[in-house]
There are 12 protein chains.
Amino acid sequence: MSPEILILHGPNLNLLGQREPEVYGSLTLDDINERIQDHARERSVQVRIQQSNHEGVLIDALHIARNWAAGVIFNPGAYTHTSIALRDAISAIDLPVVEVHLSNIYAREPFRQHSLTAPACLGQISGFGWRSYTLGLDALLGYLGLLD
Amino acid sequence: MSPEILILHGPNLNLLGQREPEVYGSLTLDDINERIQDHARERSVQVRIQQSNHEGVLIDALHIARNWAAGVIFNPGAYTHTSIALRDAISAIDLPVVEVHLSNIYAREPFRQHSLTAPACLGQISGFGWRSYTLGLDALLGYLGLLD
Amino acid sequence: MSPEILILHGPNLNLLGQREPEVYGSLTLDDINERIQDHARERSVQVRIQQSNHEGVLIDALHIARNWAAGVIFNPGAYTHTSIALRDAISAIDLPVVEVHLSNIYAREPFRQHSLTAPACLGQISGFGWRSYTLGLDALLGYLGLLD
Amino acid sequence: MSPEILILHGPNLNLLGQREPEVYGSLTLDDINERIQDHARERSVQVRIQQSNHEGVLIDALHIARNWAAGVIFNPGAYTHTSIALRDAISAIDLPVVEVHLSNIYAREPFRQHSLTAPACLGQISGFGWRSYTLGLDALLGYLGLLD
Amino acid sequence: MSPEILILHGPNLNLLGQREPEVYGSLTLDDINERIQDHARERSVQVRIQQSNHEGVLIDALHIARNWAAGVIFNPGAYTHTSIALRDAISAIDLPVVEVHLSNIYAREPFRQHSLTAPACLGQISGFGWRSYTLGLDALLGYLGLLD
Amino acid sequence: MSPEILILHGPNLNLLGQREPEVYGSLTLDDINERIQDHARERSVQVRIQQSNHEGVLIDALHIARNWAAGVIFNPGAYTHTSIALRDAISAIDLPVVEVHLSNIYAREPFRQHSLTAPACLGQISGFGWRSYTLGLDALLGYLGLLD
Amino acid sequence: MSPEILILHGPNLNLLGQREPEVYGSLTLDDINERIQDHARERSVQVRIQQSNHEGVLIDALHIARNWAAGVIFNPGAYTHTSIALRDAISAIDLPVVEVHLSNIYAREPFRQHSLTAPACLGQISGFGWRSYTLGLDALLGYLGLLD
Amino acid sequence: MSPEILILHGPNLNLLGQREPEVYGSLTLDDINERIQDHARERSVQVRIQQSNHEGVLIDALHIARNWAAGVIFNPGAYTHTSIALRDAISAIDLPVVEVHLSNIYAREPFRQHSLTAPACLGQISGFGWRSYTLGLDALLGYLGLLD
Amino acid sequence: MSPEILILHGPNLNLLGQREPEVYGSLTLDDINERIQDHARERSVQVRIQQSNHEGVLIDALHIARNWAAGVIFNPGAYTHTSIALRDAISAIDLPVVEVHLSNIYAREPFRQHSLTAPACLGQISGFGWRSYTLGLDALLGYLGLLD
Amino acid sequence: MSPEILILHGPNLNLLGQREPEVYGSLTLDDINERIQDHARERSVQVRIQQSNHEGVLIDALHIARNWAAGVIFNPGAYTHTSIALRDAISAIDLPVVEVHLSNIYAREPFRQHSLTAPACLGQISGFGWRSYTLGLDALLGYLGLLD
Amino acid sequence: MSPEILILHGPNLNLLGQREPEVYGSLTLDDINERIQDHARERSVQVRIQQSNHEGVLIDALHIARNWAAGVIFNPGAYTHTSIALRDAISAIDLPVVEVHLSNIYAREPFRQHSLTAPACLGQISGFGWRSYTLGLDALLGYLGLLD
Amino acid sequence: MSPEILILHGPNLNLLGQREPEVYGSLTLDDINERIQDHARERSVQVRIQQSNHEGVLIDALHIARNWAAGVIFNPGAYTHTSIALRDAISAIDLPVVEVHLSNIYAREPFRQHSLTAPACLGQISGFGWRSYTLGLDALLGYLGLLD
């Protein structure tokens, strides 16, 4: 049976395409989700996609994923830089989590150049637009031994 | 048709009047809302007022305001100093936002003297009690060209 | 009539027993709650227990406690280190709050060694596993003059 | 008899309109003063306006205002960020002082994001161009109980 | 045979009751010691109590306790914030040590908000007046399996 | 004609497999290079691989790549954290550069958690062992429009 | 012939007695000057007294003192903490300068606890009200060998 | 009856005259004590002089002074910069304490430019060699109303 | 007609030759001005020279130069390190300004190693004694296209 | 015989003209070298010019210059901000070295605003494009007494 | 006559062998002293060995050594990082002092990586277990010209 | 067969004897190497000596030493304070490395008081001139069990 992966989008990502397109590109979240779905199909994995602006909802989603997911692709958005609670949630669940960012966080304001959540993740991919997600999916599958 | 403005109150402001009156004054939030309503009526604008202790609910409210509001008066309360996600939400919506504070944040603890949200706002008004809101409304209307 | 106390558990504590047992021990939250209940019965007080991963829900719970509780035992989890909003909520309600931690926060990562919420509390108890809660209950009752 | 208010402009504001118009707008100081005068007339108050590039002259002006003014609207310009002497002058005179800034100081260089003078003031208004002054006048009159 | 516990009081605690009663309460050290003795008798343990203003004497006392004590309740006073030597002494002896403070160290000056000694202790209890000691005794006995 | 890519390995990477295998894995640099070659063949691109422990040689290699390469996959090793000269070299050449790291730099010592070179790169991939290189190759090809 | 000493008062000291009397006492500057004059007469020295709120005027006064004074008693007020130019003026003139403060600068806000000017002075006397000046005069005369 | 004053010398001051005379002068501690005695006789007060290299002994001496002294002249030496315990001892005893230093601490290494003990003292006199003590005595007597 | 240049000397430079000659050399300001005049004559430009110890006077001088000067050679002295107001004045006037220093500011105290004014200048020349001014003149003329 | 001067260019300067022309201008290094040669001929001095991207090669070049050169014009590029080894090399050779920069380092990123190498140099010239080199040559010749 | 050397052991070293053997090794202080004695005999010097947990006693011991010792081997233990008083004592006595540490202080917690005492010593030897003492003895004898 | 040791000298050490003799002594590197050779012969070990100003060459030398050396004596010079790449090289090779310095790095500029390389070494010896090398050799041989 094909493995299932959680794709988790953090705060303000629901506005993609409208929000500061010079930073985040002109694709909407639906456009990106479609590309993730296409890529997942090629890799024969199933993905469930969720977005929330609420830190608590994101924590809950990670907790619940323990019961069904083989791993997580997570874009914590602005919570990357402020949430120890999300970092603890990632450590608490025993799943591999790949942190992804659309933009290159190093090329932005100083307060966006450090990640509180990444130390609890498998690794981080930052700066490649929507491809950060599909590269993250490959990274996760490679780690799980599911990429030939 | 008269413009509509979102008045958004952040965490703990629902306790106004009871909470540390030596810092925040003895008016309740209802008292303040009434004065805002009076002031709005004088200016012939309509206001919708919302309060939440939840960062995510505040982000959602800002997102939704894109569809109906001409601008926002926002008191982010303690989230002023910790929330990059709210700052991003303000940047993401294409509305003028005026940050207001009841107390003079410069005359308080060091961790209250910097604002993470203000750089994404039009400006900030701090220290004039309930009048911070009505001054904020005038500032917003002035910016929108609606103040003669 | 016996006094009522709020026992408030913060983010990720619902995973206790499964989450990093080398740090947090192998008891589940239910196990701990049972011991708190036993201890409360011995002390002839009533406790209501609540857990949430949502900062806003925790703020709401503190606000509501003003109407029924004599005091609060609060483990803010990771929000200890990041939430000024919770600190304000503790100051805003006029109840004695005791901050408790399962692990010794001083023996952990630097970012866990400072508490933003403790200055608004009566005191802090950290490092004694589930007993941090029952010691906290005794501390609170002592403060309320309910411990002989 | 109508109250008198000191409007005090700090260093480099005499060049307004010529100096970096993309930051400070294209109005000259005379244009702004005229609008302040208009606004004061509407509010039935009298204003005396003074500008100086000299920190000592600004201190002297504040001292002298003790003898005639009911309050001060003060834009300390660059001295906002460096002058403890001006802060002391504001504390020393027993008059309400409102700090105003044309531009949003939070949206500028880090060294402009903190104010040494604001803790001694009633409050601060920043980011609304020339309207920062008229909003400041309303804030001051409100505080003095002279705004209906 | 009943276990023996060292109660160790650090610098300036001999002046309790006279020294800044608004911070430390009006009980003298003798009053507090009596309450500790009472509490210990209830718990059927024996305590030896020692106070010194000398960092070296406190280190020696900890070293000697290795030969007779089952654990230590230690209020390092101001040395909490400056003494790596005491921290090393706590690590060097193989005894459980509970750090206690009369006042809530988080609610005081910044330089009192960090503890150099706590990382070497079992845990810390801070803010409950003389009860910090009796709570500390319960915490220690709980850890030693001597509390039913 | 198929595009050519420079794979550039920084200091100490020649010791891979022997050096701290618990951090960097047990593959040698030759093993990794082989996998990169395999992956490149699948993608129908050509790669030239170079390793040096000399900051200057790495700068020269980047300069020369301007004449022949379509892009660069660069693991700057320890120079990531100290070399402004390499950052300048990346900015100076007009080629897309993807920064890669074998280990998750966020999960290591504090001085390894910031990158001086990444702001000049397209993006960064960190924490996936040898796959960081092949993911980086895909990221680069995606950016160049060479990945279907 | 009796030596002449410059007594130099910095910014805001002209308001003494009216300004924050809980910090600076209730004596006016004239009262203090009278006591300095009395003390000087007892010591058979002549003093010239000058006050200015202008940093530049204070620098000029120090420069001019090179031509007539045997030494300086200087209370730089708020310029103590911000003026490198005054420090340079003190170094530039070849006269012994004693820095004095009415209040204990160590017991005030952190930004008042360091002196930029003191390193260029003979020494500093802080915290003894108007006596800081007469003690300073004695210190200066002692240094000049004019105190038996 | 004439008041009694404690003169307390801190660590390494017993070596005066031999220790780094270019910094501390060539007088021995006995020479200085003699001058203090002379000065006290002129002022009709009695002094008791004590020196110790032990922080604990200095704390004890301050505590004991509560029973007999009218005030203290204290040179805490290097403990000035490191001892919160001595600061607490000064606060704990209800006596006026004047901090004195032979050398100008502002003109020395950065770590000697701040005083942990001074905030608890009446004031500080620094930089006048042995006269710092006699000036301190006058300052103390002035404060006690014993100087005409 | 030959261009006119403002030579502006900041605080304490009037004492040159007498002030700390081991740092600033033994030439007086008149000597230096003469050499600048000679150099200007050789270059067929006219210079007007002004010195002031007053920050405000220096700001005024820069403002006025807008009406007659082609550029400015400015030695801000100690204001280099503390004056945002001078930096703003330089930005506000639309003239090229060259910052010069007699001594090498990098080889002095840490607080002299950063310049607040230089970012608003064309460039900075530091460390060549009086030649810093003539080199500065050449730099300015080169920029103005007046140096063949 | 005419003196010989080493012109030493640091990392990435070989790419001048192509590299970020908006920062560094459009001249190539050959263009600049030609202008330096012209200027040197006018001054009747001989220059040898060398460029390297290797920190070690630059150190060697400075060492070797001791045997033949009368002084050095050095643009350390990005090594300005990180290389203690180059600073030591400048100190170690007994030659006057003038540090030059094409761009105004104060007007760039914070990490470019401090120089580790300048304290060991005669002085620094920054911000005048290719003229920084010819001004540097004049500064050096002036220091050597070779400029009339 | 053979020279005499003081071997001075600081706080907690009396517990060696029992205290954290994974950090400090399993030798007792007596074992180490024996090896020092053996080594001293081979070098024909006499050593006197002293240990104390009291900062004051260590200061006294250094002072007394001025009367009889040719030099000191000093392991200040935890006081290395906190005691300016010990640093002053080392500077005050005119004896060469070699600082030694059993463990490599650079490979431990950040607060152990800096030494306050070493700047006053001849040099420091750290990380070689008991051999740090015998290497220190050789270093001292070499300095004294007593090692052939 | 006798063991072989690498003696590795870092940048600028080739200039010893000529370079700042007041800091580094008047011996040349050849003089020092001779003394190391003599000492090695006495200990019956063989040493190979290498010096380079190139960080990369030093990294290569450490890598190559894995194939022939029993250990390394390394003076990283100025790279001590900046090179993470050298630290990684020391960690990567499985050889004991002793870090040595001619001067006492704690008694020099602040930026020389921390070592990035020492945490990866066995230990550090600093401040004993050429003897730092021979002491380092003894420390290394002691560690290897080759010193009786």
# chains A, B, ... in the order shown; residues from 1 in each chain; ligands from 1
>>> residues_around(residues="Val47 (chain H)", least_positions_apart="5", cutoff="8 Å", atoms="only C-alpha atoms", output="list in words")
Glu4, Ile5, Leu6, Ile7, Gln37 and Ala40 of chain H
>>> select_by_dssp(residues="chain D", states="alpha helix (DSSP H)", output="PyMOL selection string")
chain D and resi 21-24+29-42+55-65+84-92+131-144
>>> atom_distance(atom1="CA of Glu20 (chain C)", atom2="CA of Tyr79 (chain A)")
22.3 Å
>>> atom_distance(atom1="CA of Ala85 (chain J)", atom2="CA of Leu8 (chain L)")
15.7 Å
>>> residues_around(residues="region 28-31 of chain B", least_positions_apart="4", cutoff="7 Å", atoms="only C-alpha atoms", output="list in words")
Leu13, Asn14, Leu16, Gly17 and Arg35 of chain B
>>> residues_around(residues="Gln124 (chain E)", least_positions_apart="2", cutoff="6 Å", atoms="only C-alpha atoms", output="count of residues only")
5
>>> closest_residue(among="E:Ser91, E:Asn33, E:Ser26, E:Asn12", to="Leu58 (chain H)", atoms="only C-alpha atoms")
E:Asn12
